[in-house]
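Source file: final-v4.pdb. Holds: PDB, C-alpha atoms.
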ATOM      1  CA  MET R   1       5.998 -20.237 -56.563
ATOM      2  CA  THR R   2       9.547 -19.961 -55.252
ATOM      3  CA  LEU R   3      10.666 -23.423 -54.210
ATOM      4  CA  PRO R   4      12.659 -23.799 -50.971
ATOM      5  CA  VAL R   5      16.319 -24.633 -51.409
ATOM      6  CA  GLU R   6      19.019 -25.725 -49.002
ATOM      7  CA  GLU R   7      21.516 -23.339 -47.483
ATOM      8  CA  LEU R   8      24.434 -25.371 -48.782
ATOM      9  CA  ASP R   9      27.204 -23.147 -47.462
ATOM     10  CA  THR R  10      25.749 -23.367 -43.956
ATOM     11  CA  LEU R  11      25.110 -27.084 -44.388
ATOM     12  CA  ALA R  12      28.774 -27.731 -45.166
ATOM     13  CA  GLN R  13      29.878 -25.985 -41.993
ATOM     14  CA  ARG R  14      27.209 -27.481 -39.723
ATOM     15  CA  GLN R  15      27.466 -31.070 -40.883
ATOM     16  CA  TYR R  16      31.252 -31.101 -40.618
ATOM     17  CA  ALA R  17      30.838 -30.232 -36.941
ATOM     18  CA  SER R  18      27.959 -32.702 -36.465
ATOM     19  CA  ALA R  19      29.990 -35.525 -37.970
ATOM     20  CA  ALA R  20      32.863 -34.833 -35.577
ATOM     21  CA  ARG R  21      30.452 -35.066 -32.614
ATOM     22  CA  GLN R  22      28.189 -37.919 -33.624
ATOM     23  CA  CYS R  23      29.656 -40.156 -36.318
ATOM     24  CA  GLY R  24      31.620 -43.326 -35.877
ATOM     25  CA  THR R  25      33.159 -45.003 -38.898
ATOM     26  CA  CYS R  26      31.029 -42.852 -41.228
ATOM     27  CA  ARG R  27      32.594 -39.567 -40.103
ATOM     28  CA  VAL R  28      34.663 -38.951 -43.245
ATOM     29  CA  TYR R  29      31.711 -39.585 -45.542
ATOM     30  CA  HIS R  30      29.233 -37.391 -43.683
ATOM     31  CA  ALA R  31      31.763 -34.610 -43.054
ATOM     32  CA  LEU R  32      32.785 -34.407 -46.716
ATOM     33  CA  TRP R  33      29.511 -34.982 -48.543
ATOM     34  CA  PRO R  34      28.027 -31.461 -48.196
ATOM     35  CA  ILE R  35      31.439 -29.949 -48.979
ATOM     36  CA  VAL R  36      31.751 -31.788 -52.274
ATOM     37  CA  ARG R  37      28.141 -30.874 -53.055
ATOM     38  CA  VAL R  38      28.893 -27.176 -52.515
ATOM     39  CA  ALA R  39      31.965 -27.559 -54.697
ATOM     40  CA  ARG R  40      29.851 -29.323 -57.356
ATOM     41  CA  GLN R  41      32.101 -32.352 -57.387
ATOM     42  CA  VAL R  42      29.301 -34.937 -57.209
ATOM     43  CA  GLY R  43      26.034 -35.369 -59.029
ATOM     44  CA  GLY R  44      23.721 -36.583 -56.263
ATOM     45  CA  VAL R  45      20.270 -35.051 -55.949
ATOM     46  CA  GLU R  46      21.248 -32.108 -58.151
ATOM     47  CA  ALA R  47      21.818 -34.472 -61.087
ATOM     48  CA  ASP R  48      18.630 -36.486 -60.466
ATOM     49  CA  GLU R  49      16.057 -33.810 -59.599
ATOM     50  CA  PRO R  50      15.144 -32.839 -63.193
ATOM     51  CA  PHE R  51      14.077 -36.445 -63.775
ATOM     52  CA  LEU R  52      13.054 -37.585 -60.298
ATOM     53  CA  GLY R  53      11.157 -34.457 -59.176
ATOM     54  CA  PRO R  54       8.286 -34.677 -61.709
ATOM     55  CA  LEU R  55       7.900 -38.407 -61.094
ATOM     56  CA  LEU R  56       7.616 -37.908 -57.330
ATOM     57  CA  ALA R  57       5.175 -35.028 -57.787
ATOM     58  CA  GLN R  58       2.937 -37.330 -59.830
ATOM     59  CA  LEU R  59       3.087 -40.164 -57.304
ATOM     60  CA  ILE R  60       2.577 -37.955 -54.239
ATOM     61  CA  GLY R  61      -0.326 -36.037 -55.774
ATOM     62  CA  SER R  62      -2.701 -33.878 -53.744
ATOM     63  CA  THR R  63      -3.586 -36.338 -50.956
ATOM     64  CA  PRO R  64      -1.709 -36.006 -47.635
ATOM     65  CA  ARG R  65       0.915 -38.721 -47.478
ATOM     66  CA  HIS R  66       3.373 -40.211 -45.057
ATOM     67  CA  ILE R  67       6.617 -40.047 -47.021
ATOM     68  CA  VAL R  68       9.586 -41.959 -45.622
ATOM     69  CA  LEU R  69      13.157 -41.399 -46.742
ATOM     70  CA  ALA R  70      15.171 -44.601 -46.475
ATOM     71  CA  GLY R  71      18.599 -43.175 -45.752
ATOM     72  CA  SER R  72      19.907 -39.679 -46.356
ATOM     73  CA  ALA R  73      23.483 -38.365 -46.460
ATOM     74  CA  ASP R  74      22.369 -34.838 -45.495
ATOM     75  CA  SER R  75      19.276 -32.713 -46.178
ATOM     76  CA  GLY R  76      19.468 -33.115 -49.958
ATOM     77  CA  VAL R  77      16.924 -35.902 -50.420
ATOM     78  CA  LEU R  78      14.456 -34.285 -48.022
ATOM     79  CA  ALA R  79      14.729 -30.998 -49.896
ATOM     80  CA  LEU R  80      14.211 -32.699 -53.262
ATOM     81  CA  VAL R  81      11.182 -34.743 -52.167
ATOM     82  CA  HIS R  82       9.648 -31.790 -50.324
ATOM     83  CA  ARG R  83       9.915 -29.589 -53.430
ATOM     84  CA  ALA R  84       8.227 -32.310 -55.474
ATOM     85  CA  SER R  85       5.452 -32.654 -52.889
ATOM     86  CA  LEU R  86       4.543 -28.961 -53.072
ATOM     87  CA  ALA R  87       3.018 -29.357 -56.535
ATOM     88  CA  GLY R  88      -0.069 -31.062 -55.105
ATOM     89  CA  GLY R  89      -0.668 -28.476 -52.396
ATOM     90  CA  ALA R  90      -1.264 -30.977 -49.563
ATOM     91  CA  ALA R  91       0.521 -31.067 -46.214
ATOM     92  CA  HIS R  92       2.587 -34.228 -45.945
ATOM     93  CA  ARG R  93       4.382 -35.941 -43.102
ATOM     94  CA  PHE R  94       8.027 -36.883 -43.586
ATOM     95  CA  THR R  95      10.161 -39.380 -41.716
ATOM     96  CA  VAL R  96      13.886 -39.794 -42.292
ATOM     97  CA  VAL R  97      15.338 -43.186 -41.362
ATOM     98  CA  ASP R  98      19.087 -43.670 -41.122
ATOM     99  CA  ARG R  99      21.492 -45.650 -38.970
ATOM    100  CA  CYS R 100      23.527 -42.494 -38.204
ATOM    101  CA  THR R 101      22.047 -39.431 -36.494
ATOM    102  CA  THR R 102      24.313 -36.880 -38.211
ATOM    103  CA  PRO R 103      22.031 -36.373 -41.254
ATOM    104  CA  PHE R 104      19.105 -35.773 -38.885
ATOM    105  CA  ASP R 105      20.624 -32.465 -37.777
ATOM    106  CA  ALA R 106      20.770 -31.266 -41.369
ATOM    107  CA  CYS R 107      17.220 -32.431 -42.091
ATOM    108  CA  ARG R 108      15.820 -30.742 -38.978
ATOM    109  CA  PHE R 109      17.621 -27.497 -39.833
ATOM    110  CA  HIS R 110      16.037 -27.507 -43.300
ATOM    111  CA  ALA R 111      12.621 -28.586 -41.992
ATOM    112  CA  GLU R 112      12.455 -25.836 -39.380
ATOM    113  CA  ARG R 113      13.115 -23.179 -41.995
ATOM    114  CA  HIS R 114      10.494 -24.403 -44.426
ATOM    115  CA  GLY R 115       7.661 -25.631 -42.219
ATOM    116  CA  ILE R 116       8.168 -29.317 -42.962
ATOM    117  CA  ARG R 117       6.513 -31.796 -40.606
ATOM    118  CA  LEU R 118       9.436 -34.094 -39.896
ATOM    119  CA  ASP R 119      10.234 -37.084 -37.726
ATOM    120  CA  THR R 120      13.553 -38.911 -37.587
ATOM    121  CA  LEU R 121      14.235 -42.509 -36.667
ATOM    122  CA  GLN R 122      17.600 -44.180 -36.176
ATOM    123  CA  ALA R 123      17.385 -47.669 -37.669
ATOM    124  CA  ASP R 124      19.130 -50.027 -40.045
ATOM    125  CA  LEU R 125      17.354 -50.397 -43.389
ATOM    126  CA  ARG R 126      17.775 -54.156 -43.115
ATOM    127  CA  GLN R 127      15.445 -53.983 -40.112
ATOM    128  CA  PHE R 128      13.096 -51.292 -41.351
ATOM    129  CA  PRO R 129      10.332 -50.526 -38.818
ATOM    130  CA  ARG R 130       7.112 -51.983 -40.199
ATOM    131  CA  GLU R 131       5.076 -49.719 -37.907
ATOM    132  CA  LEU R 132       5.982 -46.705 -40.074
ATOM    133  CA  GLN R 133       3.355 -47.769 -42.636
ATOM    134  CA  ALA R 134       4.601 -45.360 -45.280
ATOM    135  CA  ASP R 135       2.568 -44.319 -48.293
ATOM    136  CA  ILE R 136       5.761 -43.698 -50.241
ATOM    137  CA  ILE R 137       9.312 -44.795 -49.409
ATOM    138  CA  VAL R 138      12.090 -43.019 -51.282
ATOM    139  CA  GLY R 139      15.495 -44.669 -51.362
ATOM    140  CA  HIS R 140      17.886 -42.366 -53.177
ATOM    141  CA  SER R 141      21.107 -44.220 -54.081
ATOM    142  CA  VAL R 142      20.932 -46.169 -50.825
ATOM    143  CA  LEU R 143      21.151 -49.804 -51.943
ATOM    144  CA  PRO R 144      24.703 -49.437 -53.317
ATOM    145  CA  PHE R 145      25.891 -48.680 -49.770
ATOM    146  CA  LEU R 146      24.717 -52.105 -48.614
ATOM    147  CA  PRO R 147      26.649 -55.324 -49.203
ATOM    148  CA  ILE R 148      25.252 -57.136 -52.223
ATOM    149  CA  GLU R 149      24.226 -60.111 -50.072
ATOM    150  CA  ASP R 150      22.103 -57.827 -47.828
ATOM    151  CA  ARG R 151      20.122 -56.007 -50.507
ATOM    152  CA  ARG R 152      17.216 -58.412 -50.784
ATOM    153  CA  ARG R 153      16.875 -58.428 -47.005
ATOM    154  CA  ALA R 154      16.691 -54.620 -47.047
ATOM    155  CA  LEU R 155      14.139 -54.587 -49.867
ATOM    156  CA  ALA R 156      11.948 -57.110 -48.052
ATOM    157  CA  SER R 157      12.174 -54.955 -44.943
ATOM    158  CA  LEU R 158      11.118 -51.856 -46.903
ATOM    159  CA  ARG R 159       8.112 -53.729 -48.252
ATOM    160  CA  GLU R 160       7.012 -54.536 -44.711
ATOM    161  CA  GLY R 161       7.183 -50.823 -43.853
ATOM    162  CA  LEU R 162       4.699 -49.852 -46.568
ATOM    163  CA  ALA R 163       1.051 -49.129 -45.964
ATOM    164  CA  ARG R 164      -1.508 -50.867 -48.158
ATOM    165  CA  GLY R 165      -1.285 -49.391 -51.642
ATOM    166  CA  GLY R 166       2.100 -47.860 -50.898
ATOM    167  CA  ARG R 167       4.998 -47.633 -53.305
ATOM    168  CA  VAL R 168       8.769 -47.654 -53.111
ATOM    169  CA  VAL R 169      10.782 -45.361 -55.365
ATOM    170  CA  LEU R 170      14.442 -46.325 -55.699
ATOM    171  CA  SER R 171      17.169 -44.500 -57.550
ATOM    172  CA  ALA R 172      20.218 -46.553 -58.378
ATOM    173  CA  ARG R 173      23.370 -46.446 -60.441
ATOM    174  CA  VAL R 174      24.214 -49.080 -62.996
ATOM    175  CA  ALA R 175      27.800 -49.701 -64.033
ATOM    176  CA  PRO R 176      30.051 -52.571 -65.113
ATOM    177  CA  ALA R 177      31.751 -54.443 -62.287
ATOM    178  CA  ASP R 178      35.184 -53.128 -63.288
ATOM    179  CA  ARG R 179      34.134 -49.493 -63.684
ATOM    180  CA  ASP R 180      35.758 -48.257 -60.465
ATOM    181  CA  ARG R 181      38.945 -50.156 -61.144
ATOM    182  CA  GLU R 182      39.248 -48.667 -64.611
ATOM    183  CA  GLU R 183      38.275 -45.104 -63.771
ATOM    184  CA  HIS R 184      39.526 -44.395 -60.269
ATOM    185  CA  THR R 185      41.175 -47.079 -58.175
ATOM    186  CA  ARG R 186      43.946 -47.384 -60.721
ATOM    187  CA  HIS R 187      45.078 -43.839 -59.822
ATOM    188  CA  PRO R 188      43.523 -43.005 -56.423
ATOM    189  CA  GLY R 189      46.203 -40.438 -55.570
ATOM    190  CA  GLN R 190      45.555 -38.465 -58.751
ATOM    191  CA  TRP R 191      41.819 -38.552 -58.175
ATOM    192  CA  ALA R 192      42.196 -37.381 -54.566
ATOM    193  CA  ALA R 193      44.523 -34.538 -55.571
ATOM    194  CA  ALA R 194      42.183 -33.373 -58.328
ATOM    195  CA  LEU R 195      39.191 -33.492 -55.979
ATOM    196  CA  PHE R 196      41.045 -31.539 -53.285
ATOM    197  CA  GLU R 197      42.116 -28.825 -55.732
ATOM    198  CA  SER R 198      38.613 -28.532 -57.190
ATOM    199  CA  VAL R 199      37.003 -28.228 -53.756
ATOM    200  CA  GLN R 200      39.488 -25.543 -52.736
ATOM    201  CA  ALA R 201      38.928 -23.548 -55.936
ATOM    202  CA  ARG R 202      35.151 -23.751 -55.802
ATOM    203  CA  MET R 203      34.955 -22.766 -52.132
ATOM    204  CA  ARG R 204      37.236 -19.778 -52.754
ATOM    205  CA  GLU R 205      35.082 -18.770 -55.696
ATOM    206  CA  ARG R 206      31.974 -18.846 -53.497
ATOM    207  CA  GLY R 207      33.743 -17.064 -50.658
ATOM    208  CA  VAL R 208      32.946 -19.926 -48.303
ATOM    209  CA  PRO R 209      35.555 -20.814 -45.673
ATOM    210  CA  LEU R 210      36.427 -24.452 -45.253
ATOM    211  CA  PRO R 211      35.338 -25.908 -41.887
ATOM    212  CA  CYS R 212      38.849 -27.305 -41.351
ATOM    213  CA  SER R 213      42.450 -26.753 -42.328
ATOM    214  CA  ASP R 214      43.684 -27.558 -45.825
ATOM    215  CA  GLU R 215      45.800 -30.340 -44.354
ATOM    216  CA  GLU R 216      42.834 -31.979 -42.640
ATOM    217  CA  LEU R 217      40.664 -31.669 -45.754
ATOM    218  CA  ASP R 218      43.386 -33.211 -47.914
ATOM    219  CA  ALA R 219      43.828 -36.110 -45.478
ATOM    220  CA  MET R 220      40.085 -36.796 -45.305
ATOM    221  CA  ILE R 221      39.680 -36.737 -49.095
ATOM    222  CA  ARG R 222      42.574 -39.175 -49.481
ATOM    223  CA  LEU R 223      41.000 -41.466 -46.908
ATOM    224  CA  TRP R 224      37.635 -41.258 -48.664
ATOM    225  CA  VAL R 225      39.143 -42.126 -52.024
ATOM    226  CA  ALA R 226      41.302 -44.957 -50.696
ATOM    227  CA  SER R 227      38.768 -46.648 -48.410
ATOM    228  CA  ASP R 228      36.362 -49.246 -49.783
ATOM    229  CA  LYS R 229      33.811 -48.472 -47.073
ATOM    230  CA  PHE R 230      33.099 -45.017 -48.536
ATOM    231  CA  GLN R 231      32.722 -46.247 -52.119
ATOM    232  CA  VAL R 232      29.400 -47.548 -53.355
ATOM    233  CA  VAL R 233      28.948 -50.761 -55.306
ATOM    234  CA  PRO R 234      26.498 -50.036 -58.135
ATOM    235  CA  HIS R 235      24.311 -52.636 -59.765
ATOM    236  CA  GLU R 236      26.027 -54.262 -62.701
ATOM    237  CA  GLU R 237      22.792 -54.434 -64.696
ATOM    238  CA  GLU R 238      19.295 -53.027 -64.434
ATOM    239  CA  ASP R 239      17.869 -56.557 -64.478
ATOM    240  CA  VAL R 240      19.746 -57.420 -61.265
ATOM    241  CA  LEU R 241      17.793 -54.820 -59.304
ATOM    242  CA  LYS R 242      14.502 -55.810 -60.909
ATOM    243  CA  GLU R 243      15.085 -59.461 -60.036
ATOM    244  CA  ASP R 244      15.918 -58.540 -56.432
ATOM    245  CA  LEU R 245      12.658 -56.590 -56.187
ATOM    246  CA  ARG R 246      10.553 -59.401 -57.627
ATOM    247  CA  ALA R 247      12.233 -61.960 -55.363
ATOM    248  CA  VAL R 248      10.908 -60.220 -52.238
ATOM    249  CA  GLY R 249       7.381 -59.701 -53.553
ATOM    250  CA  PHE R 250       7.502 -56.338 -55.320
ATOM    251  CA  GLU R 251       5.910 -55.701 -58.665
ATOM    252  CA  VAL R 252       8.170 -53.558 -60.858
ATOM    253  CA  GLU R 253       5.870 -50.898 -62.235
ATOM    254  CA  ARG R 254       8.266 -48.556 -64.016
ATOM    255  CA  VAL R 255      11.977 -48.248 -64.740
ATOM    256  CA  LEU R 256      13.025 -44.807 -65.915
ATOM    257  CA  PRO R 257      16.440 -43.418 -66.876
ATOM    258  CA  VAL R 258      17.632 -40.395 -64.908
ATOM    259  CA  GLY R 259      20.738 -39.493 -66.870
ATOM    260  CA  ASP R 260      24.391 -39.841 -65.988
ATOM    261  CA  ALA R 261      26.232 -39.325 -62.731
ATOM    262  CA  SER R 262      29.852 -38.966 -61.806
ATOM    263  CA  GLU R 263      32.141 -38.905 -58.800
ATOM    264  CA  PHE R 264      34.095 -36.090 -60.413
ATOM    265  CA  MET R 265      32.665 -32.905 -61.868
ATOM    266  CA  LYS R 266      34.543 -29.886 -63.137
ATOM    267  CA  ASP R 267      33.055 -26.406 -63.341
ATOM    268  CA  GLY R 268      29.627 -27.878 -62.730
ATOM    269  CA  ARG R 269      29.869 -30.206 -65.709
ATOM    270  CA  ILE R 270      30.433 -33.932 -65.672
ATOM    271  CA  SER R 271      33.957 -34.632 -66.826
ATOM    272  CA  VAL R 272      34.062 -38.404 -66.281
ATOM    273  CA  THR R 273      30.825 -40.296 -66.811
ATOM    274  CA  ALA R 274      30.918 -43.030 -64.223
ATOM    275  CA  LYS R 275      27.473 -44.554 -63.944
ATOM    276  CA  LYS R 276      24.090 -44.575 -65.625
ATOM    277  CA  GLY R 277      21.168 -43.686 -63.401
ATOM    278  CA  ILE R 278      17.765 -45.347 -63.208
ATOM    279  CA  VAL R 279      14.667 -44.937 -61.080
ATOM    280  CA  VAL R 280      12.544 -47.969 -60.257
ATOM    281  CA  VAL R 281       8.953 -47.574 -59.083
ATOM    282  CA  THR R 282       7.290 -50.575 -57.468
ATOM    283  CA  GLY R 283       3.645 -51.366 -57.889
ATOM    284  CA  PRO R 284       1.276 -50.723 -54.985
ATOM    285  CA  LYS R 285       1.463 -53.033 -51.987
ATOM    286  CA  PRO R 286      -1.641 -55.256 -51.996
TER     287      PRO R 286
END
In structure tokens, how does this file's structure come out?
Amino acid sequence: MTLPVEELDTLAQRQYASAARQCGTCRVYHALWPIVRVARQVGGVEADEPFLGPLLAQLIGSTPRHIVLAGSADSGVLALVHRASLAGGAAHRFTVVDRCTTPFDACRFHAERHGIRLDTLQADLRQFPRELQADIIVGHSVLPFLPIEDRRRALASLREGLARGGRVVLSARVAPADRDREEHTRHPGQWAAALFESVQARMRERGVPLPCSDEELDAMIRLWVASDKFQVVPHEEEDVLKEDLRAVGFEVERVLPVGDASEFMKDGRISVTAKKGIVVVTGPKP
């Protein structure tokens, strides 16, 4: 079976335009994310799928499920989870929840091309709609975007959105508290320049035009690198996430490693290992 994949070149062009129309303070992040994915400058779902895909396929199985994605930067998480769901042969219902509508455009574009039954819902994960009653909630690298003091509130909200017997699957990055300071914030200008040059080279190699001028791309990358609001705060230790889950009533069923990730990749290979990845599976909701 040929598995459906995203049209990344088209995604980069479309989402840049969507972000300009629809985003507020998240415009730089949403405009750049598909571009750096095309240029292979981030790990993201591409780095996690070899580990996360088989796990999701096992959990989803062959029974029709309501699968909810808690946050999504573009269509990447939907594409990953949909590919995993195809192994069981059942028709599933997907809902993408995010506080910004820009990723919805990308998800709908992908869903229309691959016959995915998709709903979208604009909501904050800290006030997750309990009426969704999801069989499986997938949160791919979403908690690090929330302030540390809000994470338990978000996890409790996700638990309320589960149907009886449902599970939450969370991917997260684990890194020392000073990792960003040591690796990147010490030389943000150098990092931004290297990222800009790598994106340019990769897009030229693929024959894909940038959706903006070089000057605008350079300015946006520098803003992304310099601004705290676009940088995630990973968990310092695996046990911190497990304790947060237990504190709001989850049972931690499995914790699995998913390899390394990086903010900077060169020629498709990780050149600076920034964070360790884990996947946490909660036990079924009673």
So that each row is one residue of stretch 152-206 of chain R with an atom at most 10 Å from stretch 51-61 of chain R, can you give its shortest atom pair and the distance in Å to one decimal, using only C-alpha atoms, rows by chain and rising number, as a tab-separated table?
residue	atom	partner	partner_atom	distance
R:Arg167	CA	R:Leu59	CA	8.7
R:Val169	CA	R:Leu56	CA	8.3
R:Leu170	CA	R:Leu52	CA	10.0
R:Ser171	CA	R:Leu52	CA	8.5
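Candidate residues R:Ala84, R:Val97, R:Val68, R:Ala106 were compared for distance to R:Ala134, and the nearest is R:Val68, using only C-alpha atoms.
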Sort by chain and increasing residue number a table of all residues of stretch 6-57 of chain R within 12 Å of stretch 141-152 of chain R, each with its closest pair of atoms and their distance in Å to one decimal, counting only C-alpha atoms, and write it as a tab-separated table.
residue	atom	partner	partner_atom	distance
R:Cys26	CA	R:Phe145	CA	11.5
R:Tyr29	CA	R:Phe145	CA	11.6
R:Gly43	CA	R:Ser141	CA	11.3
R:Gly44	CA	R:Ser141	CA	8.4
R:Val45	CA	R:Ser141	CA	9.4
R:Asp48	CA	R:Ser141	CA	10.3
(Q) Using all atoms listed in the file, which protein or nucleic acid residues come within 12 Å of R:Val28? Drop anything in the same chain fewer than 4 positions from it, and give the result as a ChimeraX atom specification. (A) /R:15-20,22-24,32-36,73,102,216-227,229-231
Q. What lies within 12 Å of R:His82 using only C-alpha atoms, ignoring chain neighbours under 3 positions off, as a ChimeraX atom specification?
A. /R:3-6,49,53-54,56-57,60,65-69,75-79,85-95,107,110-111,114-118,138
Q | All residues 7 Å or closer to R:Val208, only C-alpha atoms, same chain fewer than 3 positions away omitted, as a list of chain:residue names | A | R:Asp9, R:Met203, R:Arg204
Which residues fall under the PyMOL selection byres ((chain R and resi 174) around 7) in this file, as a CSV table (one decimal) with C-alpha atoms, in the frame of the given file?
chain,number,residue,atom,x,y,z
R,172,ALA,CA,20.2,-46.6,-58.4
R,173,ARG,CA,23.4,-46.4,-60.4
R,175,ALA,CA,27.8,-49.7,-64.0
R,234,PRO,CA,26.5,-50.0,-58.1
R,235,HIS,CA,24.3,-52.6,-59.8
R,236,GLU,CA,26.0,-54.3,-62.7
R,237,GLU,CA,22.8,-54.4,-64.7
R,238,GLU,CA,19.3,-53.0,-64.4
R,275,LYS,CA,27.5,-44.6,-63.9
R,276,LYS,CA,24.1,-44.6,-65.6
R,277,GLY,CA,21.2,-43.7,-63.4
(Q) One decimal, in Å: what's the spacing between atom CA of R:Glu251 and atom CA of R:Gln122? (A)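 About the pair atom CA of R:Glu251 and atom CA of R:Gln122: they are 27.8 Å apart.
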Q.
Here is a test: counting all atoms listed in the file, which residue of R:Pro64, R:Pro129, R:Pro286, R:Gly249 is nearest to R:Ala156?
A. R:Gly249
Q) Could you state the separation of atom CA of R:His140 and atom CA of R:Ser72 in Å, given to one decimal place? A)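 According to the coordinates, atom CA of R:His140 and atom CA of R:Ser72 are separated by 7.6 Å.
Atom CA of R:Ser213 sits 10.9 Å away from atom CA of R:Gln200.
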Q.
Ranking R:Leu245, R:Leu210, R:Cys100, R:Ile137 by minimum distance to R:Thr25 and counting only C-alpha atoms, which one comes first?
A. R:Cys100
(Q) Can you spell out as a ChimeraX atom specification the set of residues that the PyMOL selection byres ((chain R and resi 255) around 7) selects in the structure I just provided? (A) /R:254,256-257,278-281
